[in-house]
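**Q** If it helps, the file is called entry-v7.cif and holds mmCIF, C-alpha atoms:
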data_structure
#
loop_
_atom_site.label_atom_id
_atom_site.label_comp_id
_atom_site.auth_asym_id
_atom_site.auth_seq_id
_atom_site.Cartn_x
_atom_site.Cartn_y
_atom_site.Cartn_z
CA MET A 4 0.00 0.00 0.00
CA HIS A 5 1.35 3.44 -0.95
CA GLN A 6 1.78 6.06 1.73
CA SER A 7 0.82 9.72 1.59
CA PRO A 8 3.55 12.38 1.73
CA ALA A 9 1.75 13.59 4.88
CA VAL A 10 2.04 10.77 7.43
CA GLY A 11 1.46 12.61 10.72
CA ARG A 12 -1.66 12.74 12.84
CA ALA A 13 -5.18 14.12 12.50
CA LEU A 14 -4.84 17.90 12.74
CA PRO A 15 -7.11 20.30 14.69
CA LEU A 16 -9.18 22.58 12.46
CA VAL A 17 -12.04 24.21 14.41
CA GLY A 18 -13.39 23.01 17.75
CA ASP A 19 -14.07 19.29 17.54
CA VAL A 20 -13.32 19.08 13.79
CA LEU A 21 -10.08 17.40 12.77
CA TRP A 22 -8.40 17.41 9.36
CA ILE A 23 -6.87 14.16 8.13
CA SER A 24 -4.44 15.59 5.60
CA GLU A 25 -3.60 13.26 2.74
CA CYS A 26 -2.07 14.15 -0.62
CA PHE A 27 -0.03 12.80 -3.47
CA PRO A 28 2.60 14.34 -5.73
CA ILE A 29 1.95 15.47 -9.30
CA GLY A 30 5.40 16.37 -10.53
CA ASP A 31 6.67 19.25 -8.39
CA ILE A 32 3.31 19.96 -6.79
CA HIS A 33 0.92 18.07 -4.51
CA GLU A 34 -2.85 17.63 -4.55
CA HIS A 35 -4.81 16.88 -1.39
CA VAL A 36 -7.32 14.04 -1.14
CA SER A 37 -8.17 14.56 2.52
CA ILE A 38 -11.07 13.73 4.82
CA TYR A 39 -12.42 15.34 8.00
CA LEU A 40 -13.28 13.81 11.37
CA ILE A 41 -15.87 15.31 13.72
CA ARG A 42 -15.92 14.19 17.33
CA ALA A 43 -19.58 14.57 18.28
CA GLY A 44 -19.64 13.64 21.95
CA GLU A 45 -19.22 9.89 22.17
CA HIS A 46 -19.63 9.47 18.41
CA ASN A 47 -17.26 10.03 15.50
CA ILE A 48 -18.50 11.33 12.14
CA ILE A 49 -16.32 11.49 9.04
CA ILE A 50 -16.84 13.62 5.95
CA ASP A 51 -15.97 11.57 2.83
CA SER A 52 -13.75 8.50 3.05
CA GLY A 53 -10.70 9.42 0.98
CA SER A 54 -8.84 7.46 -1.66
CA PHE A 55 -7.81 3.80 -1.36
CA TYR A 56 -4.29 5.07 -2.14
CA HIS A 57 -4.13 6.47 1.43
CA ARG A 58 -6.20 3.79 3.17
CA THR A 59 -3.53 2.59 5.59
CA SER A 60 -2.64 6.13 6.67
CA ILE A 61 -6.28 7.25 7.02
CA GLU A 62 -7.31 4.23 9.09
CA ARG A 63 -4.31 4.69 11.38
CA LYS A 64 -5.09 8.38 11.92
CA ILE A 65 -8.77 7.64 12.63
CA ARG A 66 -7.85 4.98 15.17
CA GLU A 67 -5.36 7.28 16.91
CA ALA A 68 -7.71 10.30 16.92
CA THR A 69 -10.65 8.28 18.28
CA ALA A 70 -8.75 6.17 20.82
CA GLU A 71 -9.52 3.09 18.71
CA ARG A 72 -13.30 3.72 18.72
CA GLY A 73 -13.40 4.29 14.96
CA VAL A 74 -16.26 5.56 12.82
CA HIS A 75 -19.95 5.79 13.82
CA ALA A 76 -21.31 7.69 10.78
CA LEU A 77 -20.08 8.90 7.41
CA ILE A 78 -21.40 11.77 5.28
CA VAL A 79 -20.35 11.53 1.65
CA SER A 80 -20.35 14.55 -0.66
CA HIS A 81 -20.55 12.39 -3.80
CA SER A 82 -19.59 8.94 -4.94
CA ASP A 83 -16.36 9.55 -6.91
CA TYR A 84 -13.60 7.22 -5.75
CA PRO A 85 -11.47 9.95 -4.09
CA HIS A 86 -14.50 10.61 -1.86
CA SER A 87 -16.05 7.15 -1.45
CA GLY A 88 -13.16 4.80 -2.16
CA ASN A 89 -12.72 3.58 1.41
CA ILE A 90 -16.34 3.16 2.48
CA GLU A 91 -16.40 -0.62 2.14
CA ALA A 92 -13.05 -0.95 3.92
CA PHE A 93 -14.26 1.26 6.77
CA ARG A 94 -17.44 -0.84 7.08
CA ARG A 95 -15.33 -3.97 7.32
CA GLU A 96 -13.15 -2.29 9.94
CA TRP A 97 -15.82 -0.55 12.06
CA GLY A 98 -19.10 -2.26 11.31
CA ASP A 99 -22.42 -1.30 9.72
CA PHE A 100 -22.42 2.42 10.59
CA ASP A 101 -24.83 4.95 9.05
CA ILE A 102 -23.93 6.58 5.74
CA TYR A 103 -25.60 9.78 4.50
CA ALA A 104 -25.59 10.77 0.82
CA SER A 105 -27.33 13.56 -1.06
CA CYS A 106 -27.52 11.90 -4.48
CA GLY A 107 -30.96 11.39 -6.03
CA ASP A 108 -30.65 7.61 -6.03
CA PRO A 109 -27.91 6.21 -3.77
CA GLN A 110 -28.32 2.71 -5.20
CA ILE A 111 -27.49 3.88 -8.74
CA GLN A 112 -24.46 5.72 -7.36
CA GLY A 113 -23.17 2.51 -5.78
CA LEU A 114 -24.33 3.36 -2.25
CA PRO A 115 -27.40 1.12 -1.73
CA TYR A 116 -26.96 1.19 2.06
CA ALA A 117 -26.87 5.01 2.30
CA LYS A 118 -29.57 7.22 3.77
CA GLN A 119 -30.72 9.67 1.10
CA CYS A 120 -30.46 13.35 2.03
CA ARG A 121 -32.10 16.09 0.01
CA ILE A 122 -29.95 18.87 -1.44
CA GLY A 123 -31.31 22.02 0.16
CA GLY A 124 -32.34 20.08 3.26
CA SER A 125 -30.66 19.07 6.48
CA GLU A 126 -30.15 16.02 8.66
CA GLN A 127 -29.53 15.40 12.33
CA VAL A 128 -26.59 13.07 12.90
CA PHE A 129 -26.05 12.20 16.57
CA GLY A 130 -27.90 15.38 17.53
CA ARG A 131 -25.77 17.54 15.25
CA ARG A 132 -27.36 19.41 12.32
CA PHE A 133 -25.83 19.23 8.84
CA SER A 134 -27.18 21.14 5.83
CA PHE A 135 -26.73 19.85 2.29
CA ILE A 136 -25.96 22.72 -0.09
CA ASP A 137 -26.39 22.86 -3.84
CA PRO A 138 -22.78 23.81 -4.57
CA PRO A 139 -21.55 26.70 -6.71
CA LEU A 140 -18.71 24.37 -7.79
CA ALA A 141 -19.10 20.65 -8.43
CA ASP A 142 -17.69 18.05 -10.78
CA ARG A 143 -20.80 15.80 -10.62
CA SER A 144 -24.52 16.59 -10.66
CA HIS A 145 -25.12 14.71 -7.42
CA THR A 146 -22.43 16.54 -5.41
CA SER A 147 -23.39 18.49 -2.31
CA TRP A 148 -21.45 20.69 0.04
CA ILE A 149 -22.03 20.05 3.72
CA PHE A 150 -22.35 22.69 6.45
CA ASP A 151 -21.92 21.68 10.09
CA HIS A 152 -24.04 24.07 12.15
CA ALA A 153 -22.20 23.23 15.37
CA SER A 154 -18.70 24.13 14.21
CA HIS A 155 -19.66 26.45 11.31
CA VAL A 156 -17.31 24.55 9.01
CA LEU A 157 -18.30 24.27 5.33
CA PHE A 158 -17.07 21.04 3.73
CA ALA A 159 -16.67 21.94 0.06
CA ALA A 160 -15.91 18.61 -1.68
CA ASP A 161 -14.12 19.46 -4.97
CA GLY A 162 -14.73 23.20 -4.64
CA PHE A 163 -12.20 25.61 -3.11
CA GLY A 164 -9.37 23.28 -4.06
CA HIS A 165 -5.83 24.21 -5.02
CA TYR A 166 -2.42 22.67 -5.45
CA HIS A 167 0.39 23.08 -2.91
CA ARG A 168 4.12 22.47 -2.58
CA PRO A 169 6.04 19.85 -0.59
CA GLY A 170 6.24 21.01 3.00
CA GLU A 171 2.81 22.70 2.83
CA CYS A 172 0.76 19.50 3.12
CA GLU A 173 -0.47 20.17 6.67
CA GLN A 174 -0.76 23.97 6.60
CA LEU A 175 -3.96 25.93 7.14
CA SER A 176 -4.48 29.02 4.98
CA SER A 177 -3.30 31.12 7.94
CA ASP A 178 0.07 29.33 7.87
CA PHE A 179 0.98 30.57 4.36
CA ASP A 180 3.25 33.62 4.47
CA THR A 181 1.47 35.39 1.59
CA GLY A 182 -1.72 33.34 1.36
CA ILE A 183 -2.60 30.44 -0.89
CA ARG A 184 -1.15 31.16 -4.33
CA ALA A 185 -3.57 32.48 -6.94
CA ALA A 186 -1.77 30.40 -9.57
CA ASP A 187 -2.41 27.19 -7.60
CA ILE A 188 -6.11 28.06 -7.28
CA HIS A 189 -6.36 28.75 -11.01
CA ASP A 190 -4.42 25.68 -12.10
CA PHE A 191 -6.42 23.29 -9.92
CA HIS A 192 -9.78 24.55 -11.17
CA HIS A 193 -8.55 24.72 -14.77
CA ASP A 194 -7.44 21.09 -14.57
CA ASN A 195 -10.38 19.66 -12.62
CA ILE A 196 -13.52 21.81 -13.06
CA GLY A 197 -13.71 22.08 -16.84
CA TRP A 198 -17.17 23.62 -17.04
CA LEU A 199 -15.90 26.84 -15.44
CA ARG A 200 -15.18 27.97 -18.99
CA TYR A 201 -18.93 28.52 -19.37
CA VAL A 202 -19.43 30.46 -16.12
CA ASP A 203 -20.23 34.16 -15.82
CA PRO A 204 -17.76 35.33 -13.14
CA VAL A 205 -20.13 38.04 -11.85
CA LYS A 206 -22.97 35.56 -11.31
CA PHE A 207 -20.49 33.12 -9.81
CA ARG A 208 -19.37 35.69 -7.24
CA HIS A 209 -22.98 36.56 -6.37
CA LYS A 210 -23.79 32.90 -5.77
CA LEU A 211 -20.78 32.51 -3.49
CA GLU A 212 -21.75 35.66 -1.59
CA ARG A 213 -25.34 34.45 -1.13
CA MET A 214 -24.09 31.11 0.15
CA PHE A 215 -21.79 32.71 2.73
CA ALA A 216 -24.58 35.09 3.78
CA THR A 217 -26.74 32.05 4.54
CA PHE A 218 -24.04 29.84 6.01
CA ASP A 219 -21.69 31.80 8.24
CA ALA A 220 -18.55 29.72 7.76
CA VAL A 221 -15.58 30.14 10.06
CA ALA A 222 -13.62 27.81 7.78
CA VAL A 223 -14.00 26.16 4.39
CA ALA A 224 -12.74 22.58 4.37
CA PRO A 225 -12.06 21.31 0.84
CA ILE A 226 -11.16 17.72 0.06
CA HIS A 227 -8.56 18.84 -2.50
CA GLY A 228 -6.88 21.75 -0.73
CA ASN A 229 -5.63 23.25 2.50
CA PRO A 230 -8.48 24.44 4.76
CA ILE A 231 -9.28 28.13 4.36
CA MET A 232 -9.93 30.09 7.52
CA ARG A 233 -12.38 32.99 7.70
CA ALA A 234 -9.68 35.70 7.65
CA GLU A 235 -8.32 34.43 4.32
CA LEU A 236 -11.69 33.70 2.69
CA PRO A 237 -12.21 37.11 1.02
CA ALA A 238 -8.82 36.95 -0.72
CA TYR A 239 -9.42 33.33 -1.72
CA VAL A 240 -12.84 34.15 -3.19
CA ASP A 241 -11.29 37.03 -5.17
CA ASP A 242 -8.65 34.70 -6.59
CA LEU A 243 -11.23 31.99 -7.31
CA VAL A 244 -13.53 34.34 -9.22
CA ASP A 245 -10.53 35.73 -11.10
CA ALA A 246 -9.51 32.16 -11.96
CA ALA A 247 -13.00 31.48 -13.33
CA ALA A 248 -12.81 34.64 -15.45
CA ARG A 249 -9.38 33.66 -16.81
CA ILE A 250 -10.55 30.12 -17.59
CA ALA A 251 -13.60 31.47 -19.45
CA ALA A 252 -11.52 34.04 -21.32
CA GLY A 253 -8.96 31.43 -22.33
CA TYR A 254 -11.67 29.21 -23.73
CA VAL A 255 -13.10 32.04 -25.83
CA VAL A 256 -9.71 33.06 -27.16
CA GLY A 257 -8.62 29.53 -27.88
CA GLY A 258 -11.95 28.53 -29.46
#
Transcribe the structure of this file into structure tokens.

**A**
Amino acid sequence: MHQSPAVGRALPLVGDVLWISECFPIGDIHEHVSIYLIRAGEHNIIIDSGSFYHRTSIERKIREATAERGVHALIVSHSDYPHSGNIEAFRREWGDFDIYASCGDPQIQGLPYAKQCRIGGSEQVFGRRFSFIDPPLADRSHTSWIFDHASHVLFAADGFGHYHRPGECEQLSSDFDTGIRAADIHDFHHDNIGWLRYVDPVKFRHKLERMFATFDAVAVAPIHGNPIMRAELPAYVDDLVDAAARIAAGYVVGG
């Protein structure tokens, strides 16, 4: 089994939310494929399950962070392998725990045992409220972003991603000397969210602003990037909207 470049422990994010930082190298840069662990009293909830590439590391970090108690519920943003690739392994390891998915038909998406959650609705998981958001950025029609009302963390699946350099694998946005690089934000979205070429940047910004007005996030927790804390969010949004504009302009120019 391959190991992630980041082989430490689960990292504190906000309150009882921990970041399990996992990534792999793409040439001279890295891309995260992380998950998040929420300690909800006596129960442990994870957001997405990560890639099978990091299975050994993820399972070890979950065991260490939960004092061997493991997983009691999983909320999956969508069923792509980087997000759902370890579900079966986790069920073998920790039993028949509840799985929550927002796709229209979990069985068709390969999650026949999942509890269906409605995009635009919310669910109580061990007394904790999670809202399922129709995302401004998604790579699949059944993707949802997940807002934890207890911690005010927004889990953004493939949105708000970016590349990073070796040595930055476990940094929060506040740990970067000059912020997350605009070029890394652009390049990630150019490479992975192809339909941004069709997006009106002004409407895109308005949708992001409406979302943050509704969901007062203290941090955005992407699967494919370093977590972005509230103080750095305005600059990140500016760079993200600029990246969308550049991607759209490049498509027009290049035909």

**Q** Counting only C-alpha atoms, which residue out of A:Gly130, A:Glu34, A:Leu236, A:Arg95 sits closest to Asn195 in chain A?

**A**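 Among the listed residues, A:Glu34 lies closest to Asn195 in chain A.
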
**Q** Find the residues near Ala224 in chain A: any atom within 10 Å, counting only C-alpha atoms, skip ones fewer than 5 places away on the same chain, and give them as a ChimeraX atom specification.

**A** /A:16,22,37-39,50,148-150,156-164,175,229-232

**Q** Work out how far apart CA of Ala246 in chain A and CA of Tyr201 in chain A are and give it in Å to one decimal.

**A** 12.5 Å

**Q** Can you work out the spacing between CA of Ala248 in chain A and CA of Pro204 in chain A in Å, to one decimal?

**A**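 Between CA of Ala248 in chain A and CA of Pro204 in chain A the gap is 5.5 Å.
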
**Q** Using only C-alpha atoms, which of A:Pro237, A:Gly170, A:Gly11, A:Pro139 sits nearest Lys64 in chain A?

**A**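 Closest to Lys64 in chain A, using only C-alpha atoms: A:Gly11.
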
**Q** Using all atoms listed in the file, list the residues that have an atom at most 12 Å from (-0.8, 33.4, -8.1), coordinates as in the file, as a short mmCIF file (atom, residue, chain, number, x, y, z; two decimals) with C-alpha atoms, in the coordinates of the input.

**A**
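As a result, result14.cif now contains:
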data_model
loop_
_atom_site.label_atom_id
_atom_site.label_comp_id
_atom_site.auth_asym_id
_atom_site.auth_seq_id
_atom_site.Cartn_x
_atom_site.Cartn_y
_atom_site.Cartn_z
CA HIS A 165 -5.83 24.21 -5.02
CA TYR A 166 -2.42 22.67 -5.45
CA HIS A 167 0.39 23.08 -2.91
CA THR A 181 1.47 35.39 1.59
CA GLY A 182 -1.72 33.34 1.36
CA ILE A 183 -2.60 30.44 -0.89
CA ARG A 184 -1.15 31.16 -4.33
CA ALA A 185 -3.57 32.48 -6.94
CA ALA A 186 -1.77 30.40 -9.57
CA ASP A 187 -2.41 27.19 -7.60
CA ILE A 188 -6.11 28.06 -7.28
CA HIS A 189 -6.36 28.75 -11.01
CA ASP A 190 -4.42 25.68 -12.10
CA PHE A 191 -6.42 23.29 -9.92
CA ALA A 238 -8.82 36.95 -0.72
CA TYR A 239 -9.42 33.33 -1.72
CA ASP A 241 -11.29 37.03 -5.17
CA ASP A 242 -8.65 34.70 -6.59
CA LEU A 243 -11.23 31.99 -7.31
CA ASP A 245 -10.53 35.73 -11.10
CA ALA A 246 -9.51 32.16 -11.96
#

**Q** Report as a list in words all protein, DNA and RNA residues lying within 6 Å of Ile136 in chain A, evaluated on all atoms listed in the file, omitting residues in the same chain fewer than 5 positions from it.

**A**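 Everything that qualifies: Ile122, Gly123, Ser147 and Trp148 of chain A.
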